[in-house]
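Q: Sharing a structure below in structure tokens format, with a few things to ask.
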Amino acid sequence: MGNENTLTVRFFARLREELATDSLTLPVRPDTSAGQVLSELAAKGGPWAQLDGRQPVMIAVNQAMAKPETRLKAGDEVAFFPPVTGG
């Protein structure tokens with residue numbers, strides 16, 4: 001059973017490699033948005049700074065595409081991944 005006050009953050013593709021992790025469990029506060037999670041992670045510095053919005057990052061919440069302003073709640077799964085281009 002997960003903590004009722006946390007969410008799972010997953011990283012895919014290049015982000016997973018560059019951050020050297022595929023997931024984190026973070027506390028969630030009322031009215032936290034996906035964009036706020038990105039900002040808090042970027043504030044860690046180092047490779048995490050790439051999440052500061054200068055490079056595009058796609059967001060999914062509970063496996064559905066989402067926007068930075070999407071509000072999160074306990075138990076949510078948030079995924080961050082670079083845009084995918086085809087050829």
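Residue numbers start at 1 in each chain; chains themselves are named A, B, ... in the order of the structure tokens; ligands are numbered from 1 in the order shown.
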Could you pull the residues within 9 Å of Leu41 of chain A, counting only C-alpha atoms, minus those fewer than 6 positions along the same chain, as a list of chain:residue names?
A: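 The neighbour list is A:Trp48, A:Ala49, A:Leu51, A:Asp52.
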Q: For the structure I just gave you, how does DSSP split segment 10-75 of chain A - specifically, which residues are helix (DSSP H, G or I)? Reply as a ChimeraX atom specification.
A: /A:14-19,34-42,46-51
Q: Excluding segment 26-35 of chain A and residues on its chain fewer than 4 positions from it, collect all residues at most 10 Å away from it, counting only C-alpha atoms, and give them as an NGL selection string.
A: :A and (3-9 or 39-41 or 51-53 or 59-61 or 66-76 or 78-80)
Q: Could you give me the residues within chain A that DSSP places in strand (DSSP E or B), as a tab-separated table (two decimals) with C-alpha atoms, in the first residue's frame?
A:
chain	number	residue	atom	x	y	z
A	6	THR	CA	2.47	10.76	-2.16
A	7	LEU	CA	2.56	10.49	-5.91
A	8	THR	CA	4.79	8.51	-8.23
A	9	VAL	CA	6.91	10.37	-10.77
A	10	ARG	CA	8.25	8.38	-13.73
A	11	PHE	CA	10.84	9.39	-16.30
A	23	SER	CA	10.93	6.82	-10.87
A	24	LEU	CA	10.59	8.74	-7.61
A	25	THR	CA	7.98	8.89	-4.88
A	26	LEU	CA	7.27	12.45	-3.77
A	27	PRO	CA	4.96	14.02	-1.21
A	33	SER	CA	0.36	21.00	-10.30
A	58	MET	CA	5.73	16.10	-22.25
A	59	ILE	CA	3.54	15.27	-19.24
A	60	ALA	CA	1.13	12.44	-18.60
A	61	VAL	CA	-0.98	12.00	-15.46
A	64	ALA	CA	-3.33	10.51	-20.05
A	65	MET	CA	-1.61	13.49	-21.66
A	66	ALA	CA	-1.67	16.50	-19.35
A	71	ARG	CA	-3.66	19.46	-10.59
A	77	GLU	CA	1.27	8.74	-11.37
A	78	VAL	CA	3.00	11.55	-13.26
A	79	ALA	CA	5.24	10.78	-16.22
A	80	PHE	CA	7.72	13.14	-17.83
A	81	PHE	CA	9.28	12.41	-21.21
Q: Go ahead and compute the interatomic distance for atom CA of Gln55 of chain A and atom CA of Arg14 of chain A, in Å to one decimal.
A: 12.1 Å
Q: In Å, rounded to a single decimal, give me how far atom CA of Val37 of chain A is from atom CA of Gln50 of chain A.
A: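 Atom CA of Gln50 of chain A sits 13.1 Å away from atom CA of Val37 of chain A.
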Q: Using only C-alpha atoms, pick whichever of A:Pro47, A:Asn62, A:Pro82, A:Arg54 has the shortest atom-to-atom distance to Thr21 of chain A.
A: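 Of all the options, A:Pro47 lies closest to Thr21 of chain A.
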